[in-house]
There are 2 protein chains.
Amino acid sequence: MRKAHIISIGNELLIGDTINTNASWLGGLLTEQGFYVEQVSTIPDDYDLIYRIVNGSLHQADVTVVTGGLGPTHDDITKKVVVDLFDSKLIENREVLDFIKMIFKRRGFTFSRTNAAQALVPQNCDVLFNNKGTAPGMWFEKNGNALIVLPGVPHEMKYLMEERALPKIHNLFPDREVWATRYFKTAGVPESTLSEQIGDLDEFVNNGVGVAYLPGPAGVTVRISASADTLKQAEGKLTKLKDLLYEKAGDVIFGEGKNLKLEEVTGKILTDNKLTIAAAESCTGGLLSSKITDIPGSSVYMKGGIVAYENAIKISVLNISEKDLKKDGAVSKSVALQMAKSVAEKMGADIGVSATGIAGPDGGTDEKPVGTVWMGFWMKGDHFAIKAVLSNDRLLNKERTVMIILETVRRRLQGMDELPYQLKPHSA
Amino acid sequence: MRKAHIISIGNELLIGDTINTNASWLGGLLTEQGFYVEQVSTIPDDYDLIYRIVNGSLHQADVTVVTGGLGPTHDDITKKVVVDLFDSKLIENREVLDFIKMIFKRRGFTFSRTNAAQALVPQNCDVLFNNKGTAPGMWFEKNGNALIVLPGVPHEMKYLMEERALPKIHNLFPDREVWATRYFKTAGVPESTLSEQIGDLDEFVNNGVGVAYLPGPAGVTVRISASADTLKQAEGKLTKLKDLLYEKAGDVIFGEGKNLKLEEVTGKILTDNKLTIAAAESCTGGLLSSKITDIPGSSVYMKGGIVAYENAIKISVLNISEKDLKKDGAVSKSVALQMAKSVAEKMGADIGVSATGIAGPDGGTDEKPVGTVWMGFWMKGDHFAIKAVLSNDRLLNKERTVMIILETVRRRLQGMDELPYQLKPHSA
C-alpha cells in the first residue's frame, strides 16, 4: 500500500494556540484516496528541522503534503527549504502576481513588496494556482514520489488539495487501491449498547472490512471501510455489512454521511410531512431553536421559540399555571407539558417541544440533582413528557437535551415507539 | 532551552476521524513549563513505527510525552514497545488492580481478564496512578531524559499530566526557564486594524518578548510571552508591553485569559450594574439567548428571549407593525428597533436587543445581499439600530451577529461611544 506523510509547519501548532485540524482533514482525504497515512509531523518554523523532516519524508513516502510556513509572517521558510532541497531558484510567476494585484485592488489595499514576494516560486515546481488567496501551492516530484506544498489557511489548503493536487496524484499513481468509507450516524444509544445490538463483526473484519465506533457529543458514528482496485469493488465489500447494520440497528441510525446532522434529518421529515414546530426553552436557553435554524430552509417548518429563562416569564409569556410552578417546581413534568402545548398554540405550530432543567454546575437538590431535565412534547394532540438525568457539565447538558428532543421528534414522526436512551414517556 | 517531543498514537488520528486536541493541550502546557516543543509526531498503532519514533525522541528530547495506544482496543502496543525499549517485563500492580475492580463493581459491570491486563505495568517504571480511569500512566528515565506514557482519553491524560507527571518534571529539571504568557481578548476589530492600532513592537520582540495575533471567529486574541528563571521575572518582562496594549487598544480589549468569553464579560457587567436583558431573534434563531445562558449564573440578568422566525410571529408575539413589515421588509431598521423595544417591555427587562437578517446561503437581493443584518438596541430609553453586511456563511453570520450585539452592549455599558467594526448607530 502506498504511503503518505503529512507535515504541518507553524509555531502556533506546537505551543497550544491552534489545534491542527488541517492534518486531520488531509488524513481523511488521503485515506479515502487509498494511501496509508503513516505519520503526521508537526514542527516549528525552523529551517533545519523543516529541511530534515521534509527530506526524510521524500525518501520514505510516496506522497508528502506540507502545509504552512508560507506567507510573510512565516518569513517563507518553507519556500527556502524546497528551493534548497530541489536545488532550484525563485522566479516570479506572472499569473500569480497579476492575481495578487487584482485582489489588493478589489479590497482597496495598497500593494507592497512583501506582497509581491508571494508570486515568487521555485523554478522547477508545478504551480498549484490559488484562486482563494495570495499564496500559491507547489508540486514537486523526485524519484517517483510527490511533494505537495500548500498554505496553512484551511479553506485555501482544502481548495488546492482537492482541485489542484488530487488530479495530479491520480495521474502519478493510477494503480493505487481505493477506499470506500461509509458513516452511519446514530443518536440516543450509548456506544456499548450499540455494539452489543450490532453484535460480533469478526466475519467482516477478517475479510478486510474496517469497523470503528466513534462516539461524539451528539451520538455514536459507525464507520465502515474497505479497499479494492476500484471504488465499485470496494463499495461492494461493504454491502452485506451495511444491510446487517440496518437490520440490527436501523432504529437508531438516523442517516448516513460523515457530517450529517440530526437537526437536518428531523428538519427534512418535518418538511416532507408539511409540519411546523415551535420550541419553549428554559435550561437549553435558546440552543434548541438555534440548532433547528442552523439548517438552510428551516423557515419552512420553524415557527419560532420562546426562551422563558426567568420563572416570571414562564407565567407571563407562556401562561404556565402559577400554582403548578409553586407546587411542582419549574423542573417538573407538569411545567414541561404546559410549556410544549403553550408554545405550539401561541405560535400556531403543529408540534411544540420544551425543555426545563437544572443545567448546572450549581442549583441541584437531593430530589432533583444537577442534570435533571424534563422535556415536553405536544405532537398533534399526543402530549407527553420525558425525564432524563444527565451530567454536571452545563454545556454538555444543553447539547444532550437538544439531541434527545430532536431524536424523539424524529422517531415519533417515523412511527417508532421507543424513545432515545430507553427513556419512558410520561403521559399528560 | 530544554526540548520536548509529543507522540500521539492512534489510527483514528491519521485517517481523519479524530482531531488531535491532546497534542495541542500538551504543547501549551509544556511551553508554559519552559520547554521548546520541537515536534509532534502522530503515528498509527504499529509496533515498529512506535518503537522507532519513541526511541528517536528518547535520544533527542529532554521530555517525551506519549499518549494513546494503551487499553484493550489498541492491543496495548505502546506497553509492549516500552517493555522492549527499557528491557523490562510486565508485573501486576496490586493498587491499580484493586482500583479497576472497584470501578467495575460500582458500575455493575463484570470484571474480565482483559480488564485485569490494564493493571500490568513494566517493572522499571514509576506508575502514575490514574484516579480517573483504568489505564495507569508510566514514567521512565534514561540518560537524564524523561519518557511519560499516558492514556489517550483527554480528561484522564490531562489529570495524569498535571497531577502526576508535572511534579516529577519539576523535580528532574529544577533549573528550567519558565514562561509567562498572557492572552488579551479583543472583539469588533479586524486583525490588520488591531495591529496598526497597537503599532510597532520591535522594541519588545528584540528584548525576547514573543507577540502573536491569533484571529478566531469571535475576535482576535493577542498573546504575549517571555521566559526567565522564575515566573515573577518572566512576568516582569511583560509589564511594560501590557501597559502599552491597554494604552493603544484598551477600548477593544474586553478582558484577559485564553478561554475568556465575551458573553462572560458582558454578563458580569450586567450583574455589576444590576441590569437585566432580553433578546428578540430572527436570523440568529436563538443563538444569542443560548450564548448568554451558556454562562453559569446568567439567570440573574437574563429574563428570556423570543425567537420570531416566521414573520407572522413577529406580528403576533412581538407586536411588530404589520405596515412597517410590509413597507420596509423584515430585515430593516424599523423592525429591528421595534423587536428590541418590544421584547424588553414584554419581559420587563432593562435592555432589549434584537437581530433580523439574511443568514444565507440563499435569500439575498441586490438591495439586501446575503449577510445583511439589522440589530436593534433598547437600553434604558437609548434606542438605536446597527446595520452590518457580513458573509455568505450561515453559521458564521449567526456567530458574528451575536458577537457584535454582545460587544455593543459591553461598550455602551462601559461608557464608550464607538461601536464594533466602526459601525454607525442609526437612531430611532
# chains A, B, ... in the order shown; residues from 1 in each chain; ligands from 1
call {"tool": "residues_around", "arguments": {"residues": "A:Asp251", "least_positions_apart": "4", "cutoff": "9 Å", "atoms": "only C-alpha atoms", "output": "list in words"}}
result
Thr186, Tyr246, Glu247, Arg411, Met416 and Glu418 of chain A
call {"tool": "closest_residue", "arguments": {"among": "B:Thr21, B:Ser321, B:Ser88, B:Asn55", "to": "B:Gln123", "atoms": "only C-alpha atoms"}}
result
B:Ser88
call {"tool": "select_by_dssp", "arguments": {"residues": "stretch 118-324 of chain A", "states": "helix (DSSP H, G or I)", "output": "ChimeraX atom specification"}}
result
/A:118-119,154-172,191-198,202-205,231-249,262-272,287-292,298-300,311-316,322-324
call {"tool": "closest_residue", "arguments": {"among": "A:Ile103, A:Val153, A:Ala119, A:Ala336", "to": "A:Gly69", "atoms": "only C-alpha atoms"}}
result
A:Val153
